[in-house]
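**Student:** First the structure, then my questions, so here it is.
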Amino acid sequence: MAATTDEFSFIHQYFTNLNPQFASQAKDLGLVVGIGDDAAVLELNGTFVLTTDTLVEKVHFFSEITPRLLGSRVLDVNFSDVYAMGALPCFATLSLEIPSAYRDNPAFWAEFSAGLNECLTRHKCALIGGNITHTEGPLAISVTVIGKTVQPKQVWLRSGAQVGDYICLAGEVGTNGLFVDSTYKQTIKALPESERLAFEKLAYTYPAHMRKLVEVLAPLCHCAIDVSDGVYGDCTHILQHSRCCGEVWPHAFALNPWVEQHLDQLWQQKKDFAYQAGTFGGDYNLLFTMSPVAWRLFATERTKQPLLREIPVRRIGRITVKFEGDAKEVAQAAMSEGNSLATARNLLLLKSRGGSYMDLPESLSYNHFSSEQ
């Protein structure tokens, strides 16, 4: 296959005709003009959310990542934000900053494009535009997604948690974090190549039926957030915005069975994996709160829909206390409830299986601006 160096043929070959079976639905959602003009044209009717994310080589993914997985990944990290607002993906744009090493690599882009197409099809979304440019830096991929709320004029906000709510988590915890950790520490070399590839796929694959799950959860949830940086840290965002305190039970996290079978080979730290996995980013789980009554309704609906049972959904904590006042007053009030840690950490307690309280990890989640990361 000849090298592809022309920008416009590159766009046409790999990105113009993705997810063609969604074309009529895209028009019904408001797409007037897609890829091919200076800008896409939309005529929208309803409540829409918009998000954008950038993935940078050697920051968000290893250079050796399977291209097809990367194609899915760049969309999934944005879809997770849309789902966390109680909305469903409709339209996406894609911008690429391509270094010379990637430009004339048709095998890479064919697989990357295939991953995009599979993900767009799975989540019923249309790619409607974007941009391509050359860079002297690493490969950088930016995606913007527009989603439509399941219920008109109703979105899930981080400020909606209520006292008595369960804190719930859809998805497995720690798989991506363990893959990254074991790759950096080279413990992954203990695995045969076929096992390493299986592990990579687990680490970078988003639940296929999250769209259906959100459709069911939409009328039941009080608030939500996508767990991009770590369960503990992202939970504190809900607590801060909702002016609440809460407790989380690490023993309730869903762990991937493959990961549990290989922990002895891959996990070199003394601390309990589930406890530490609450600080890991990269799984893009859906963290949400709902009342006990809503939980029972959801559990009943889940028994009726087999697809929903493919995503582990666990109650991992509860909202305990509501406070009035500014952030400083909230933190002080939280301290009076028995948590002596500083700032937002005051809002969160960890409780063991036996009911005793546990120390929070030194770092609650991944932070791009931390000098230690």
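Chains: A, B, ... in order of the structure tokens. Residues: from 1 per chain. Ligands: from 1, in order shown.
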Env of region 256-262 of chain A: 12 Å cut, atoms = only C-alpha atoms, seq-sep filter 5 positions within chain, self excluded. Answer as JSON, numbers by chain.
**Tutor:** {"A": [171, 172, 173, 174, 175, 176, 177, 178, 179, 182, 187, 188, 190, 191, 195, 196, 198, 199, 200, 201, 202, 203, 267, 268, 272, 273, 274, 277, 283, 311, 312]}
**Student:** Restrict the selected residues to N, CA, C and O atoms and save them as a compact mmCIF listing (two decimals), in the first residue's frame.
**Tutor:**
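Listed below is the output, result-v6.txt:
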```txt
# COMPACT_ATOMS: atom_id res chain seq x y z
N GLY A 171 -18.76 -0.33 36.39
CA GLY A 171 -17.48 -0.65 35.78
C GLY A 171 -16.49 -1.20 36.79
O GLY A 171 -16.68 -1.09 38.01
N GLU A 172 -15.42 -1.78 36.28
CA GLU A 172 -14.37 -2.38 37.11
C GLU A 172 -13.31 -1.35 37.47
O GLU A 172 -13.07 -0.40 36.73
N VAL A 173 -12.69 -1.56 38.61
CA VAL A 173 -11.72 -0.59 39.15
C VAL A 173 -10.31 -1.14 39.04
O VAL A 173 -10.06 -2.30 39.36
N GLY A 174 -9.39 -0.31 38.57
CA GLY A 174 -7.97 -0.60 38.69
C GLY A 174 -7.32 -1.30 37.53
O GLY A 174 -6.09 -1.47 37.53
N THR A 175 -8.07 -1.72 36.51
CA THR A 175 -7.47 -2.49 35.42
C THR A 175 -6.48 -1.64 34.65
O THR A 175 -5.33 -2.06 34.40
N ASN A 176 -6.89 -0.45 34.24
CA ASN A 176 -5.98 0.40 33.48
C ASN A 176 -4.80 0.83 34.34
O ASN A 176 -3.66 0.85 33.88
N GLY A 177 -5.07 1.18 35.59
CA GLY A 177 -3.99 1.60 36.48
C GLY A 177 -2.95 0.52 36.68
O GLY A 177 -1.74 0.80 36.72
N LEU A 178 -3.40 -0.73 36.81
CA LEU A 178 -2.46 -1.84 36.98
C LEU A 178 -1.66 -2.07 35.71
O LEU A 178 -0.45 -2.36 35.77
N PHE A 179 -2.31 -1.92 34.55
CA PHE A 179 -1.58 -2.08 33.29
C PHE A 179 -0.48 -1.03 33.18
O PHE A 179 0.67 -1.35 32.83
N SER A 182 2.28 -1.77 35.92
CA SER A 182 3.11 -2.95 35.63
C SER A 182 3.97 -2.73 34.38
O SER A 182 5.04 -3.33 34.25
N THR A 187 6.98 -5.32 35.41
CA THR A 187 6.48 -6.62 35.87
C THR A 187 5.63 -7.28 34.80
O THR A 187 5.41 -8.50 34.83
N ILE A 188 5.16 -6.49 33.84
CA ILE A 188 4.35 -7.03 32.76
C ILE A 188 5.15 -8.00 31.89
O ILE A 188 4.59 -8.84 31.18
N ALA A 190 6.58 -10.47 32.81
CA ALA A 190 6.35 -11.83 33.29
C ALA A 190 5.26 -12.54 32.49
O ALA A 190 5.11 -13.77 32.57
N LEU A 191 4.51 -11.77 31.70
CA LEU A 191 3.41 -12.35 30.92
C LEU A 191 3.86 -12.71 29.51
O LEU A 191 4.65 -11.98 28.90
N GLU A 195 -0.85 -12.91 26.52
CA GLU A 195 -1.46 -12.44 27.76
C GLU A 195 -1.31 -10.93 27.91
O GLU A 195 -2.22 -10.26 28.41
N ARG A 196 -0.18 -10.41 27.50
CA ARG A 196 0.02 -8.96 27.59
C ARG A 196 -0.99 -8.23 26.70
O ARG A 196 -1.57 -7.21 27.10
N ALA A 198 -3.91 -9.37 25.79
CA ALA A 198 -5.22 -9.52 26.42
C ALA A 198 -5.40 -8.52 27.55
O ALA A 198 -6.47 -7.92 27.72
N PHE A 199 -4.34 -8.31 28.31
CA PHE A 199 -4.35 -7.35 29.41
C PHE A 199 -4.53 -5.93 28.88
O PHE A 199 -5.33 -5.14 29.40
N GLU A 200 -3.82 -5.60 27.81
CA GLU A 200 -3.94 -4.27 27.21
C GLU A 200 -5.37 -4.02 26.75
O GLU A 200 -5.93 -2.93 26.95
N LYS A 201 -5.99 -5.02 26.15
CA LYS A 201 -7.36 -4.86 25.68
C LYS A 201 -8.30 -4.61 26.85
O LYS A 201 -9.20 -3.75 26.77
N LEU A 202 -8.12 -5.35 27.93
CA LEU A 202 -8.93 -5.12 29.13
C LEU A 202 -8.73 -3.71 29.67
O LEU A 202 -9.68 -3.05 30.11
N ALA A 203 -7.48 -3.23 29.62
CA ALA A 203 -7.14 -1.94 30.21
C ALA A 203 -7.72 -0.77 29.44
O ALA A 203 -7.97 0.30 30.01
N TRP A 267 1.48 -7.10 40.72
CA TRP A 267 1.33 -6.08 41.75
C TRP A 267 2.41 -6.27 42.81
O TRP A 267 2.42 -7.24 43.55
N GLN A 268 3.33 -5.32 42.88
CA GLN A 268 4.51 -5.45 43.72
C GLN A 268 4.41 -4.69 45.05
O GLN A 268 5.36 -4.67 45.81
N ASP A 272 -3.21 -3.39 50.02
CA ASP A 272 -4.30 -4.07 49.36
C ASP A 272 -4.61 -3.42 48.01
O ASP A 272 -4.73 -2.21 47.91
N PHE A 273 -4.77 -4.24 46.97
CA PHE A 273 -4.94 -3.70 45.63
C PHE A 273 -6.23 -2.90 45.49
O PHE A 273 -6.23 -1.80 44.92
N ALA A 274 -7.35 -3.42 45.99
CA ALA A 274 -8.62 -2.71 45.85
C ALA A 274 -8.55 -1.34 46.52
O ALA A 274 -9.03 -0.34 45.97
N ALA A 277 -6.40 0.83 44.34
CA ALA A 277 -6.99 1.04 43.02
C ALA A 277 -7.97 2.21 43.01
O ALA A 277 -8.26 2.75 41.94
N ASP A 283 -9.90 4.12 34.05
CA ASP A 283 -10.96 3.14 33.78
C ASP A 283 -12.23 3.80 33.25
O ASP A 283 -13.07 3.14 32.66
N ILE A 311 -22.38 -5.13 32.63
CA ILE A 311 -21.58 -4.11 33.30
C ILE A 311 -21.75 -4.28 34.80
O ILE A 311 -22.87 -4.22 35.30
N PRO A 312 -20.67 -4.51 35.54
CA PRO A 312 -20.82 -4.60 37.00
C PRO A 312 -21.24 -3.25 37.57
O PRO A 312 -20.62 -2.22 37.29
```
**Student:** Please list as a list in words every residue within 12 Å of Asp38 (chain A), counting only C-alpha atoms and excluding residues in the same chain fewer than 2 positions away.
**Tutor:** Val33, Gly34, Ile35, Gly36, Ala40, Val41, Ile128, Gly129, Gly130 and Asn131 of chain A
**Student:** Mind giving me the straight-line distance from CA of Leu88 (chain A) to CA of Arg211 (chain A) in Å, one decimal?
**Tutor:**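 One can read the CA of Leu88 (chain A) to CA of Arg211 (chain A) distance as 6.5 Å.
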**Student:** Extract, using only C-alpha atoms, all DNA, RNA and protein residues at most 7 Å from Val49 (chain A), discarding same-chain residues fewer than 3 positions from it, and format them as a list in words.
**Tutor:**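 Near neighbours after the sequence-gap exclusion: Val82, Ile146, Gly147 and Lys148 of chain A.
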**Student:** So that I have them on file, write out the residues from the current selection with N, CA, C and O atoms, as an mmCIF file, in the first residue's frame.
**Tutor:**
```cif
data_model
loop_
_atom_site.group_PDB
_atom_site.id
_atom_site.type_symbol
_atom_site.label_atom_id
_atom_site.label_comp_id
_atom_site.auth_asym_id
_atom_site.auth_seq_id
_atom_site.Cartn_x
_atom_site.Cartn_y
_atom_site.Cartn_z
ATOM 1 N N VAL A 82 -19.958 12.482 28.442
ATOM 2 C CA VAL A 82 -21.333 12.692 27.993
ATOM 3 C C VAL A 82 -22.296 11.831 28.810
ATOM 4 O O VAL A 82 -23.334 12.308 29.294
ATOM 5 N N ILE A 146 -20.668 15.916 21.118
ATOM 6 C CA ILE A 146 -21.950 16.512 21.490
ATOM 7 C C ILE A 146 -22.923 15.374 21.779
ATOM 8 O O ILE A 146 -23.046 14.430 20.992
ATOM 9 N N GLY A 147 -23.593 15.457 22.917
ATOM 10 C CA GLY A 147 -24.573 14.450 23.286
ATOM 11 C C GLY A 147 -25.905 15.076 23.626
ATOM 12 O O GLY A 147 -25.981 16.240 24.022
ATOM 13 N N LYS A 148 -26.956 14.311 23.493
ATOM 14 C CA LYS A 148 -28.312 14.769 23.795
ATOM 15 C C LYS A 148 -28.810 14.079 25.052
ATOM 16 O O LYS A 148 -28.680 12.855 25.193
#
```
**Student:** Counting only C-alpha atoms, which residues in region 145-211 of chain A sit no more than 7 Å from region 57-78 of chain A? For each one, give the nearest pair of atoms and the distance in Å, sorted by chain then residue number, as JSON lines.
**Tutor:**
```
{"residue": "A:Val145", "atom": "CA", "partner": "A:Asn78", "partner_atom": "CA", "distance": 6.4}
{"residue": "A:Tyr204", "atom": "CA", "partner": "A:Arg73", "partner_atom": "CA", "distance": 6.5}
{"residue": "A:Tyr206", "atom": "CA", "partner": "A:Asp76", "partner_atom": "CA", "distance": 6.4}
```
**Student:** Between CA of Met210 (chain A) and CA of Val231 (chain A), what distance in Å does the model show, to one decimal?
**Tutor:**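 The value is 17.9 Å.
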**Student:** For Gln154 (chain A), find every residue with an atom within 12 Å (counting only C-alpha atoms), except residues of its own chain fewer than 2 positions away, and show them as a list in words.
**Tutor:**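 My list of contacting residues is Gly46, Thr47, Phe48, Val49, Met85, Gly86, Ala87, Lys148, Thr149, Val150, Gln151, Pro152, Trp156, Leu157, Gly160, Ala218, Pro219, Leu220, Cys221, His222 and Cys223 of chain A.
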**Student:** Which residue gives the smallest distance to Tyr284 (chain A) among A:Asp81, A:Glu247, A:Glu193, A:Glu111, with only C-alpha atoms counted?
**Tutor:** A:Asp81
**Student:** Might you pull out every residue within 8 Å of Val313 (chain A), with only C-alpha atoms counted and same-chain residues fewer than 6 positions away left off, and present them as a PDB file with N, CA, C and O atoms, in the first residue's frame?
**Tutor:**
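What landed in selection_19.pdb:
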```pdb
ATOM      1  N   CYS A 168     -22.743   4.802  43.875  1.00  0.00           N
ATOM      2  CA  CYS A 168     -22.711   3.608  43.032  1.00  0.00           C
ATOM      3  C   CYS A 168     -21.638   3.755  41.955  1.00  0.00           C
ATOM      4  O   CYS A 168     -21.306   4.867  41.537  1.00  0.00           O
ATOM      5  N   LEU A 169     -21.137   2.630  41.498  1.00  0.00           N
ATOM      6  CA  LEU A 169     -20.081   2.639  40.491  1.00  0.00           C
ATOM      7  C   LEU A 169     -20.377   1.592  39.437  1.00  0.00           C
ATOM      8  O   LEU A 169     -20.588   0.416  39.746  1.00  0.00           O
ATOM      9  N   ALA A 170     -20.408   2.029  38.170  1.00  0.00           N
ATOM     10  CA  ALA A 170     -20.584   1.114  37.044  1.00  0.00           C
ATOM     11  C   ALA A 170     -19.230   0.903  36.382  1.00  0.00           C
ATOM     12  O   ALA A 170     -18.628   1.837  35.869  1.00  0.00           O
ATOM     13  N   GLY A 171     -18.763  -0.333  36.394  1.00  0.00           N
ATOM     14  CA  GLY A 171     -17.478  -0.650  35.782  1.00  0.00           C
ATOM     15  C   GLY A 171     -16.488  -1.196  36.794  1.00  0.00           C
ATOM     16  O   GLY A 171     -16.682  -1.092  38.010  1.00  0.00           O
ATOM     17  N   ALA A 254     -15.690  -3.528  42.086  1.00  0.00           N
ATOM     18  CA  ALA A 254     -15.639  -4.660  41.170  1.00  0.00           C
ATOM     19  C   ALA A 254     -14.255  -4.718  40.530  1.00  0.00           C
ATOM     20  O   ALA A 254     -13.803  -3.747  39.921  1.00  0.00           O
TER      21      ALA A 254
END
```
**Student:** Write out as a ChimeraX atom specification the set of residues from region 92-193 of chain A that DSSP, computed on the backbone, places in alpha helix (DSSP H).
**Tutor:** /A:100-103,106-123,175-184,193
**Student:** Taking 2 positions as the minimum chain separation for residues in the same chain, which residues sit within 10 Å of Leu364 (chain A) when counting only C-alpha atoms? Answer as a list in words.
**Tutor:** Asp229, Gly230, Val231, Tyr232, Gly233, Asp234, Cys235, Thr236, Gln276, Ala277, Gly278, Thr279, Phe280, Arg345, Leu360, Pro361, Glu362, Tyr366 and Asn367 of chain A
**Student:** Could you work out how far CA of Gly164 (chain A) lies from CA of Lys322 (chain A), giving the answer in Å with one decimal?
**Tutor:** 9.8 Å
